[in-house]
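Q: Below is run_39.pdb; it holds PDB, C-alpha atoms and all ligand atoms.
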```
MODEL        1
ATOM      1  CA  MET F 949       4.639 -15.466  45.756
ATOM      2  CA  LYS F 950       1.150 -14.870  44.356
ATOM      3  CA  TYR F 951      -0.076 -11.358  43.704
ATOM      4  CA  ASN F 952      -3.547 -10.195  44.565
ATOM      5  CA  ILE F 953      -3.834  -7.171  42.335
ATOM      6  CA  GLU F 954      -7.052  -5.866  43.902
ATOM      7  CA  ASN F 955      -5.510  -5.763  47.395
ATOM      8  CA  ASP F 956      -1.933  -4.931  46.540
ATOM      9  CA  HIS F 957      -0.857  -2.762  49.459
ATOM     10  CA  SER F 958       2.781  -3.777  49.064
ATOM     11  CA  LYS F 959       5.503  -1.615  47.608
ATOM     12  CA  ASN F 960       4.275  -2.930  44.260
ATOM     13  CA  ALA F 961       1.041  -0.953  44.620
ATOM     14  CA  LEU F 962       0.863   1.684  41.894
ATOM     15  CA  PRO F 963       1.447   5.239  43.126
ATOM     16  CA  GLY F 964      -1.176   7.918  42.594
ATOM     17  CA  GLU F 965      -4.853   7.607  41.850
ATOM     18  CA  PRO F 966      -6.716   5.572  39.233
ATOM     19  CA  VAL F 967      -7.409   7.653  36.122
ATOM     20  CA  SER F 968     -10.910   8.233  34.819
ATOM     21  CA  GLY F 969     -12.169   8.303  31.247
ATOM     22  CA  LEU F 970     -10.954   6.308  28.261
ATOM     23  CA  LEU F 971      -7.853   4.829  29.913
ATOM     24  CA  ALA F 972      -9.900   3.579  32.863
ATOM     25  CA  ASN F 973     -11.963   1.450  30.483
ATOM     26  CA  LEU F 974      -8.999  -0.606  29.265
ATOM     27  CA  ASN F 975      -9.616  -3.774  31.263
ATOM     28  CA  LEU F 976      -6.184  -5.353  30.687
ATOM     29  CA  LEU F 977      -4.348  -2.294  31.969
ATOM     30  CA  GLN F 978      -4.252  -0.715  35.385
ATOM     31  CA  VAL F 979      -3.643   3.020  35.033
ATOM     32  CA  HIS F 980      -2.840   5.482  37.805
ATOM     33  CA  GLN F 981      -1.603   9.061  37.662
ATOM     34  CA  HIS F 982       0.657  10.661  40.245
ATOM     35  CA  ASP F 983       1.353  14.327  39.470
ATOM     36  CA  ALA F 984       2.701  14.373  35.879
ATOM     37  CA  VAL F 985       3.616  10.657  35.914
ATOM     38  CA  LEU F 986       1.343   7.995  34.479
ATOM     39  CA  HIS F 987       1.752   4.475  35.881
ATOM     40  CA  LEU F 988       0.566   1.916  33.411
ATOM     41  CA  ARG F 989       0.575  -1.725  34.463
ATOM     42  CA  ILE F 990      -0.176  -4.651  32.185
ATOM     43  CA  ASN F 991      -2.670  -6.595  34.259
ATOM     44  CA  ARG F 992      -2.822 -10.146  32.957
ATOM     45  CA  PRO F 993      -0.652 -11.960  35.515
ATOM     46  CA  THR F 994      -2.397 -15.329  35.193
ATOM     47  CA  LYS F 995      -1.168 -15.435  31.585
ATOM     48  CA  ARG F 996       2.189 -13.887  32.516
ATOM     49  CA  ASN F 997       1.088 -10.684  30.753
ATOM     50  CA  ALA F 998       1.196 -12.438  27.369
ATOM     51  CA  LEU F 999       0.386 -10.001  24.596
ATOM     52  CA  SER F1000      -2.979 -10.904  23.098
ATOM     53  CA  ASP F1001      -4.320  -8.860  20.180
ATOM     54  CA  GLU F1002      -6.679  -7.153  22.618
ATOM     55  CA  LEU F1003      -3.794  -6.222  24.916
ATOM     56  CA  ILE F1004      -1.748  -4.830  22.013
ATOM     57  CA  MET F1005      -4.744  -2.721  20.987
ATOM     58  CA  GLN F1006      -5.241  -1.482  24.549
ATOM     59  CA  LEU F1007      -1.573  -0.493  24.818
ATOM     60  CA  HIS F1008      -1.881   1.321  21.495
ATOM     61  CA  THR F1009      -5.016   3.124  22.667
ATOM     62  CA  ALA F1010      -3.414   4.094  25.972
ATOM     63  CA  PHE F1011      -0.278   5.566  24.408
ATOM     64  CA  LEU F1012      -2.248   7.445  21.743
ATOM     65  CA  ASN F1013      -4.430   8.957  24.458
ATOM     66  CA  LEU F1014      -2.021   9.915  27.230
ATOM     67  CA  PRO F1015      -3.541  12.731  29.286
ATOM     68  CA  THR F1016      -2.013  16.065  28.227
ATOM     69  CA  SER F1017      -0.754  16.615  31.782
ATOM     70  CA  VAL F1018       1.483  13.523  31.587
ATOM     71  CA  ARG F1019       5.226  14.150  31.149
ATOM     72  CA  ALA F1020       6.560  10.628  31.859
ATOM     73  CA  VAL F1021       5.178   7.084  31.928
ATOM     74  CA  VAL F1022       6.195   4.064  34.019
ATOM     75  CA  LEU F1023       5.261   0.780  32.312
ATOM     76  CA  THR F1024       5.122  -2.328  34.508
ATOM     77  CA  GLY F1025       3.695  -5.827  34.403
ATOM     78  CA  ALA F1026       1.590  -7.335  37.197
ATOM     79  CA  GLY F1027       2.825 -10.452  38.993
ATOM     80  CA  GLU F1028       6.163 -12.173  38.850
ATOM     81  CA  HIS F1029       6.899 -11.613  35.164
ATOM     82  CA  PHE F1030       7.040  -8.441  33.087
ATOM     83  CA  CYS F1031       5.795 -10.073  29.889
ATOM     84  CA  ALA F1032       5.786 -13.551  28.298
ATOM     85  CA  GLY F1033       5.590 -12.184  24.752
ATOM     86  CA  LEU F1034       3.081 -13.054  22.084
ATOM     87  CA  ASP F1035      -0.030 -14.844  23.361
ATOM     88  CA  LEU F1036       0.723 -18.204  21.805
ATOM     89  CA  SER F1037      -2.866 -19.382  22.274
ATOM     90  CA  GLU F1038      -3.895 -16.855  19.622
ATOM     91  CA  LEU F1039      -1.265 -17.915  17.129
ATOM     92  CA  VAL F1040      -3.343 -19.101  14.213
ATOM     93  CA  GLU F1041      -2.339 -19.884  10.672
ATOM     94  CA  ARG F1042      -2.851 -16.687   8.750
ATOM     95  CA  ASN F1043      -2.514 -15.927   5.080
ATOM     96  CA  SER F1044       0.483 -13.755   4.242
ATOM     97  CA  VAL F1045      -1.445 -10.502   4.132
ATOM     98  CA  ALA F1046      -3.121 -11.116   7.505
ATOM     99  CA  ALA F1047       0.224 -12.138   9.027
ATOM    100  CA  VAL F1048       1.905  -8.948   7.808
ATOM    101  CA  GLN F1049      -1.020  -6.887   9.096
ATOM    102  CA  HIS F1050      -0.749  -8.585  12.495
ATOM    103  CA  SER F1051       2.911  -7.656  12.773
ATOM    104  CA  ARG F1052       2.151  -4.121  11.553
ATOM    105  CA  MET F1053      -0.447  -3.823  14.340
ATOM    106  CA  TRP F1054       2.336  -4.492  16.853
ATOM    107  CA  HIS F1055       4.576  -2.001  15.071
ATOM    108  CA  ALA F1056       1.931   0.703  15.285
ATOM    109  CA  ALA F1057       1.372   0.074  19.001
ATOM    110  CA  PHE F1058       5.093   0.036  19.856
ATOM    111  CA  ASP F1059       5.760   3.081  17.663
ATOM    112  CA  ALA F1060       3.104   4.880  19.722
ATOM    113  CA  ILE F1061       5.238   4.081  22.767
ATOM    114  CA  GLN F1062       8.598   5.062  21.282
ATOM    115  CA  TYR F1063       7.346   8.120  19.418
ATOM    116  CA  GLY F1064       4.575   9.184  21.765
ATOM    117  CA  ARG F1065       4.044  12.272  23.915
ATOM    118  CA  ALA F1066       6.117  11.299  26.945
ATOM    119  CA  PRO F1067       9.211   9.209  27.729
ATOM    120  CA  VAL F1068       8.449   5.685  28.954
ATOM    121  CA  ILE F1069      10.367   3.815  31.652
ATOM    122  CA  ALA F1070       9.944   0.034  31.613
ATOM    123  CA  VAL F1071      10.236  -1.502  35.089
ATOM    124  CA  MET F1072      10.846  -5.212  34.655
ATOM    125  CA  GLN F1073      10.947  -8.380  36.711
ATOM    126  CA  GLY F1074      10.984 -12.083  35.856
ATOM    127  CA  ALA F1075      10.535 -13.052  32.221
ATOM    128  CA  VAL F1076      11.050 -10.425  29.541
ATOM    129  CA  VAL F1077      10.811 -12.712  26.569
ATOM    130  CA  GLY F1078       9.925 -12.617  22.904
ATOM    131  CA  GLY F1079       7.442  -9.830  22.315
ATOM    132  CA  GLY F1080       7.990  -8.780  25.935
ATOM    133  CA  LEU F1081      11.566  -7.847  25.062
ATOM    134  CA  GLU F1082      10.324  -6.128  21.909
ATOM    135  CA  LEU F1083       7.964  -4.096  24.108
ATOM    136  CA  ALA F1084      10.734  -3.192  26.559
ATOM    137  CA  ALA F1085      12.985  -2.192  23.645
ATOM    138  CA  ALA F1086      10.376   0.346  22.493
ATOM    139  CA  CYS F1087      10.626   2.119  25.862
ATOM    140  CA  HIS F1088      13.162   4.863  26.534
ATOM    141  CA  ILE F1089      14.698   3.682  29.797
ATOM    142  CA  ARG F1090      14.739   0.172  31.266
ATOM    143  CA  VAL F1091      14.951  -0.765  34.953
ATOM    144  CA  ALA F1092      15.444  -4.385  36.058
ATOM    145  CA  ASP F1093      15.819  -6.270  39.327
ATOM    146  CA  PRO F1094      17.867  -9.472  39.794
ATOM    147  CA  SER F1095      14.835 -11.696  39.016
ATOM    148  CA  THR F1096      14.711 -10.319  35.477
ATOM    149  CA  TYR F1097      15.827 -12.411  32.517
ATOM    150  CA  PHE F1098      15.736 -11.915  28.777
ATOM    151  CA  GLY F1099      15.084 -14.438  26.039
ATOM    152  CA  LEU F1100      13.956 -14.663  22.448
ATOM    153  CA  PRO F1101      12.290 -18.101  22.292
ATOM    154  CA  GLU F1102      11.002 -17.407  18.779
ATOM    155  CA  GLY F1103      13.669 -19.802  17.475
ATOM    156  CA  GLN F1104      12.302 -22.676  19.561
ATOM    157  CA  ARG F1105       8.714 -21.829  18.588
ATOM    158  CA  GLY F1106       9.483 -21.694  14.865
ATOM    159  CA  LEU F1107       8.779 -17.965  14.701
ATOM    160  CA  PHE F1108      10.621 -14.743  13.991
ATOM    161  CA  VAL F1109      10.333 -11.468  15.876
ATOM    162  CA  GLY F1110       7.442  -9.380  14.565
ATOM    163  CA  GLY F1111       7.077  -6.535  17.039
ATOM    164  CA  GLY F1112      10.009  -4.417  15.943
ATOM    165  CA  GLY F1113      12.608  -6.610  17.656
ATOM    166  CA  SER F1114      14.931  -6.925  14.684
ATOM    167  CA  VAL F1115      15.107  -3.136  14.428
ATOM    168  CA  ARG F1116      15.284  -2.175  18.097
ATOM    169  CA  ILE F1117      17.045  -5.033  19.911
ATOM    170  CA  PRO F1118      20.297  -4.984  17.853
ATOM    171  CA  ARG F1119      20.483  -1.255  18.526
ATOM    172  CA  LEU F1120      20.523  -2.065  22.260
ATOM    173  CA  ILE F1121      22.681  -5.198  22.502
ATOM    174  CA  GLY F1122      24.164  -5.665  19.013
ATOM    175  CA  THR F1123      23.263  -7.980  16.139
ATOM    176  CA  SER F1124      25.660 -10.692  17.297
ATOM    177  CA  ARG F1125      24.033 -11.123  20.719
ATOM    178  CA  MET F1126      20.537 -11.082  19.254
ATOM    179  CA  THR F1127      21.570 -13.691  16.691
ATOM    180  CA  ASP F1128      22.895 -15.883  19.519
ATOM    181  CA  MET F1129      19.669 -15.476  21.527
ATOM    182  CA  MET F1130      17.491 -16.411  18.572
ATOM    183  CA  LEU F1131      19.560 -19.291  17.234
ATOM    184  CA  THR F1132      20.511 -20.970  20.524
ATOM    185  CA  GLY F1133      17.760 -19.861  22.897
ATOM    186  CA  ARG F1134      20.403 -18.244  25.104
ATOM    187  CA  VAL F1135      18.929 -16.374  28.055
ATOM    188  CA  PHE F1136      20.603 -13.298  29.486
ATOM    189  CA  SER F1137      20.425 -12.271  33.138
ATOM    190  CA  ALA F1138      19.671  -8.764  34.327
ATOM    191  CA  ALA F1139      23.387  -8.256  35.006
ATOM    192  CA  ASP F1140      24.258  -9.446  31.472
ATOM    193  CA  ALA F1141      21.660  -7.112  30.015
ATOM    194  CA  GLU F1142      22.989  -4.182  31.996
ATOM    195  CA  ARG F1143      26.503  -4.858  30.681
ATOM    196  CA  PHE F1144      25.189  -5.134  27.129
ATOM    197  CA  GLY F1145      23.219  -1.872  27.315
ATOM    198  CA  ALA F1146      19.652  -3.216  27.415
ATOM    199  CA  VAL F1147      19.182  -2.310  31.097
ATOM    200  CA  ASN F1148      19.903   1.226  32.267
ATOM    201  CA  TYR F1149      19.362   0.653  36.000
ATOM    202  CA  LEU F1150      19.820  -2.623  37.864
ATOM    203  CA  VAL F1151      18.190  -2.342  41.293
ATOM    204  CA  GLU F1152      17.765  -4.518  44.378
ATOM    205  CA  ALA F1153      14.926  -7.062  44.423
ATOM    206  CA  GLY F1154      11.548  -5.358  44.621
ATOM    207  CA  GLU F1155      12.970  -1.838  44.210
ATOM    208  CA  GLY F1156      12.110  -1.448  40.514
ATOM    209  CA  LEU F1157       8.857   0.442  40.873
ATOM    210  CA  ALA F1158      10.344   2.936  43.337
ATOM    211  CA  LYS F1159      13.294   3.519  40.987
ATOM    212  CA  GLY F1160      10.969   3.908  38.004
ATOM    213  CA  ALA F1161       8.804   6.391  39.899
ATOM    214  CA  GLN F1162      11.886   8.380  40.971
ATOM    215  CA  LEU F1163      13.256   8.530  37.425
ATOM    216  CA  ALA F1164       9.853   9.462  36.007
ATOM    217  CA  ALA F1165       9.392  12.250  38.564
ATOM    218  CA  SER F1166      12.744  13.693  37.550
ATOM    219  CA  ILE F1167      12.046  13.346  33.795
ATOM    220  CA  SER F1168       8.619  14.929  34.229
ATOM    221  CA  LYS F1169      10.339  18.158  35.342
ATOM    222  CA  ASN F1170      12.385  18.449  32.146
ATOM    223  CA  ALA F1171      11.525  21.070  29.566
ATOM    224  CA  GLU F1172       8.891  19.466  27.333
ATOM    225  CA  MET F1173      10.836  20.291  24.162
ATOM    226  CA  THR F1174      13.945  18.532  25.463
ATOM    227  CA  SER F1175      12.009  15.329  26.123
ATOM    228  CA  PHE F1176      10.429  15.672  22.693
ATOM    229  CA  ALA F1177      13.813  16.128  21.014
ATOM    230  CA  VAL F1178      15.344  13.146  22.814
ATOM    231  CA  MET F1179      12.404  10.910  21.892
ATOM    232  CA  HIS F1180      11.772  12.075  18.343
ATOM    233  CA  ALA F1181      14.936  13.675  16.986
ATOM    234  CA  LEU F1182      17.736  11.645  18.575
ATOM    235  CA  PRO F1183      16.811   8.186  17.198
ATOM    236  CA  ARG F1184      16.306   9.684  13.731
ATOM    237  CA  ILE F1185      19.584  11.611  13.822
ATOM    238  CA  VAL F1186      21.372   8.370  14.742
ATOM    239  CA  GLU F1187      20.013   6.799  11.532
ATOM    240  CA  GLN F1188      21.056   9.738   9.328
ATOM    241  CA  SER F1189      24.382  10.239   7.608
ATOM    242  CA  PRO F1190      26.759  12.308   9.776
ATOM    243  CA  SER F1191      26.264  15.355   7.554
ATOM    244  CA  GLU F1192      22.463  15.148   7.656
ATOM    245  CA  GLY F1193      22.574  14.293  11.347
ATOM    246  CA  LEU F1194      24.598  17.371  12.193
ATOM    247  CA  PHE F1195      22.215  19.549  10.211
ATOM    248  CA  THR F1196      19.132  18.056  11.912
ATOM    249  CA  GLU F1197      20.856  18.488  15.267
ATOM    250  CA  SER F1198      21.379  22.197  14.580
ATOM    251  CA  LEU F1199      17.712  22.671  13.711
ATOM    252  CA  MET F1200      16.563  20.803  16.813
ATOM    253  CA  ALA F1201      19.013  22.657  19.046
ATOM    254  CA  ALA F1202      17.813  26.015  17.726
ATOM    255  CA  ILE F1203      14.162  25.110  18.298
ATOM    256  CA  ALA F1204      14.825  23.832  21.829
ATOM    257  CA  ALA F1205      16.947  26.806  22.883
ATOM    258  CA  ASN F1206      14.342  29.313  21.680
ATOM    259  CA  THR F1207      11.466  28.024  23.788
ATOM    260  CA  PRO F1208      10.419  30.344  26.651
ATOM    261  CA  GLU F1209      11.002  27.441  29.047
ATOM    262  CA  ALA F1210      14.653  27.136  27.979
ATOM    263  CA  GLN F1211      15.166  30.892  28.166
ATOM    264  CA  ASP F1212      13.742  30.974  31.713
ATOM    265  CA  ARG F1213      15.927  28.073  32.796
ATOM    266  CA  LEU F1214      19.049  29.726  31.379
ATOM    267  CA  LYS F1215      18.231  32.971  33.214
ATOM    268  CA  ASP F1216      17.704  31.000  36.435
ATOM    269  CA  PHE F1217      21.117  29.410  36.076
ATOM    270  CA  LEU F1218      22.850  32.708  35.369
ATOM    271  CA  ASN F1219      21.106  34.207  38.416
ATOM    272  CA  GLY F1220      22.354  31.365  40.607
ATOM    273  CA  LYS F1221      18.853  29.933  41.059
ATOM    274  CA  ALA F1222      19.244  26.634  39.204
ATOM    275  CA  ALA F1223      20.734  23.354  40.427
ATOM    276  CA  LYS F1224      24.375  22.698  39.603
ATOM    277  CA  VAL F1225      25.570  19.457  38.061
ATOM    278  CA  VAL F1226      26.759  17.307  40.953
ATOM    279  CA  LYS F1227      28.814  14.150  41.066
ATOM    280  CA  SER F1228      26.598  11.120  41.766
TER     281      SER F1228
HETATM  282  C1  LIG P1301       1.034 -18.070  28.060
HETATM  283  C2  LIG P1301       2.248 -17.523  27.587
HETATM  284  C3  LIG P1301       2.290 -17.063  26.248
HETATM  285  C4  LIG P1301       2.515 -18.115  29.631
HETATM  286  N1  LIG P1301       1.168 -17.175  25.508
HETATM  287  N2  LIG P1301      -0.040 -18.139  27.278
HETATM  288  N3  LIG P1301       6.634 -16.541  24.418
HETATM  289  C5  LIG P1301       7.159 -17.662  24.958
HETATM  290  O1  LIG P1301       7.536 -18.582  24.266
HETATM  291  C6  LIG P1301       7.192 -17.718  26.456
HETATM  292  C7  LIG P1301       6.249 -18.799  26.943
HETATM  293  N4  LIG P1301       6.072 -18.759  28.387
HETATM  294  C8  LIG P1301       6.983 -19.281  29.252
HETATM  295  O2  LIG P1301       8.090 -19.670  28.900
HETATM  296  C9  LIG P1301       6.583 -19.300  30.709
HETATM  297  O3  LIG P1301       5.179 -19.246  30.776
HETATM  298  C10 LIG P1301       7.180 -18.146  31.543
HETATM  299  C11 LIG P1301       8.682 -18.369  31.710
HETATM  300  C12 LIG P1301       6.915 -16.784  30.920
HETATM  301  C13 LIG P1301       6.504 -18.151  32.947
HETATM  302  O4  LIG P1301       6.601 -19.437  33.510
HETATM  303  P1  LIG P1301       5.632 -19.808  34.753
HETATM  304  O5  LIG P1301       6.035 -21.179  35.214
HETATM  305  O6  LIG P1301       5.624 -18.711  35.731
HETATM  306  O7  LIG P1301       4.129 -19.847  34.142
HETATM  307  P2  LIG P1301       3.434 -20.988  33.258
HETATM  308  O8  LIG P1301       2.885 -22.050  34.157
HETATM  309  O9  LIG P1301       4.305 -21.440  32.142
HETATM  310  O10 LIG P1301       2.241 -20.168  32.601
HETATM  311  C14 LIG P1301       1.129 -19.721  33.375
HETATM  312  C15 LIG P1301      -0.029 -19.539  32.410
HETATM  313  O11 LIG P1301       0.298 -18.523  31.465
HETATM  314  C16 LIG P1301      -0.313 -20.807  31.577
HETATM  315  O12 LIG P1301      -1.691 -20.812  31.293
HETATM  316  P3  LIG P1301      -2.717 -21.768  32.104
HETATM  317  O13 LIG P1301      -4.056 -21.458  31.491
HETATM  318  O14 LIG P1301      -2.218 -23.163  31.863
HETATM  319  O15 LIG P1301      -2.589 -21.346  33.545
HETATM  320  C17 LIG P1301       0.454 -20.536  30.307
HETATM  321  O16 LIG P1301      -0.062 -21.241  29.206
HETATM  322  C18 LIG P1301       0.227 -19.040  30.149
HETATM  323  N5  LIG P1301       1.240 -18.417  29.320
HETATM  324  N6  LIG P1301       3.142 -17.564  28.584
HETATM  325  C19 LIG P1301       0.066 -17.710  26.029
HETATM  326  N7  LIG P1301       3.380 -16.503  25.729
HETATM  327  C20 LIG P1301       5.212 -10.314  17.443
HETATM  328  S1  LIG P1301       6.065 -11.718  17.452
HETATM  329  C21 LIG P1301       6.506 -12.103  19.052
HETATM  330  C22 LIG P1301       6.874 -13.526  19.125
HETATM  331  C23 LIG P1301       6.990 -14.002  20.526
HETATM  332  O17 LIG P1301       6.754 -13.313  21.486
HETATM  333  S2  LIG P1301       7.467 -15.623  20.654
HETATM  334  C24 LIG P1301       7.670 -15.878  22.348
HETATM  335  C25 LIG P1301       6.409 -16.329  23.006
ENDMDL
END
```
Transcribe the structure of this file into structure tokens.
A:
Amino acid sequence: MKYNIENDHSKNALPGEPVSGLLANLNLLQVHQHDAVLHLRINRPTKRNALSDELIMQLHTAFLNLPTSVRAVVLTGAGEHFCAGLDLSELVERNSVAAVQHSRMWHAAFDAIQYGRAPVIAVMQGAVVGGGLELAAACHIRVADPSTYFGLPEGQRGLFVGGGGSVRIPRLIGTSRMTDMMLTGRVFSAADAERFGAVNYLVEAGEGLAKGAQLAASISKNAEMTSFAVMHALPRIVEQSPSEGLFTESLMAAIAANTPEAQDRLKDFLNGKAAKVVKS
């Protein structure tokens, strides 16, 4: 199936309206906003959304400049594949300093995703390989359909991960599985990845965008401080010693509970006006 992005009236069409301003000028991204949800689609399907330097810089720019009204982001890739990783046509021999700086450029861009202003849901299909998996790992929630598969072909290409993969991917699937992927070229299916913890939601074919939009709409209604704490405090607490982690948790909990938004929500619950927790 070939995608015509300009005339995409299918269920893969991005919800909402195209944004204006800085984000509209990023030619490798398609950016729409629907209420408080930003839909950001990597739009380089002829190259399987391979991450060129320009694309990395545009992603960085987009996540540093999310509109203040945005409370959740859905990140997708145009066409049949989420992302083919590093643009291998740009892989040039670099001196050591330039090579480190190149990797650090990826780190900065993906840190802007992980530690940005709003939680990011990656909606994936087809190949999620190399730097594409590193990108997905920087997101907060991952949705996949049965066409999705995961690989780290760096081993075959004579490379190593350089976009944060060695830090983030073992935290999702474990060091042993990542070692296997890199040494043997093993590819994991969407079902494998769900079992291993890299996929949060496995949906029917073609249902990823709808699921991502539904999750984002729900997240966008959370108290802003809770989303902030989950994005910024939780991953740091996990890296702290238990004693430091418990102390940081107490500070974060106190800050969150003392926001006017939290106080209002607690009053609503006590007055019977808030939703109960229901069995799914
Ligand atoms: C690319 C890239 C790319 C496709 N860089 N141009 N990543 C990889 O090793 C994955 C390499 N790509 C593939 O294995 C396949 O392309 C896919 C499985 C992703 C898709 O297959 P398919 O049959 O749908 O497409 P294709 O015919 O292979 O590719 C279509 C075009 O996209 C073709 O260009 P064309 O000008 O000949 O049409 C491909 O050259 C181009 N293309 N993938 C450049 N990756 C910070 S370190 C991170 C290190 C890594 O990410 S290493 C892993 C790199």
Q: Can I get the residues close to ligand LIG 1301 (chain P) as JSON, numbers by chain, where close means within 7 Å and we count all atoms listed in the file?
A: {"F": [994, 995, 996, 998, 1029, 1031, 1032, 1033, 1034, 1035, 1036, 1037, 1051, 1054, 1075, 1077, 1078, 1079, 1080, 1100, 1101, 1102, 1105, 1107, 1108, 1109, 1110, 1111]}
Q: Of the candidates F:Arg1052, F:Val1071, F:Asp1059, F:Met1130, which shows the shortest atom-to-atom distance to Arg989 of chain F, using only C-alpha atoms?
A: F:Val1071
Q: Please define a box with edges along x, y and z of the file around all atoms of segment 1005-1013 of chain F given in the file, extend it by 4 Å on each side, and return its centre and edge lengths in Å to one decimal, as lines of an AutoDock Vina configuration file.
A:
```
center_x = -2.8
center_y = 3.1
center_z = 23.5
size_x = 13.0
size_y = 19.7
size_z = 13.0
```
Q: Do you have, as a tab-separated table, the list of residues of segment 954-1037 of chain F lying at most 12 Å from segment 1156-1160 of chain F, each with its nearest atom pair and that distance in Å to one decimal, counting only C-alpha atoms and ordered by chain then number?
A:
```
residue	atom	partner	partner_atom	distance
F:Ser958	CA	F:Leu1157	CA	11.0
F:Lys959	CA	F:Leu1157	CA	7.8
F:Asn960	CA	F:Leu1157	CA	6.6
F:Ala961	CA	F:Leu1157	CA	8.8
F:Leu962	CA	F:Leu1157	CA	8.2
F:Pro963	CA	F:Leu1157	CA	9.1
F:Val985	CA	F:Gly1160	CA	10.2
F:Leu986	CA	F:Gly1160	CA	11.0
F:His987	CA	F:Gly1160	CA	9.5
F:Leu988	CA	F:Leu1157	CA	11.3
F:Arg989	CA	F:Leu1157	CA	10.7
F:Ala1020	CA	F:Gly1160	CA	10.1
F:Val1021	CA	F:Gly1160	CA	9.0
F:Val1022	CA	F:Gly1160	CA	6.2
F:Leu1023	CA	F:Gly1160	CA	8.6
F:Thr1024	CA	F:Leu1157	CA	7.9
F:Gly1025	CA	F:Leu1157	CA	10.4
F:Ala1026	CA	F:Leu1157	CA	11.3
F:Phe1030	CA	F:Gly1156	CA	11.4
```
Q: Quick one: residues within 8 Å of segment 1184-1187 of chain F, all atoms listed in the file counted, chain neighbours fewer than 5 positions away excluded, as a PyMOL selection string?
A: chain F and resi 1192-1194+1196-1197
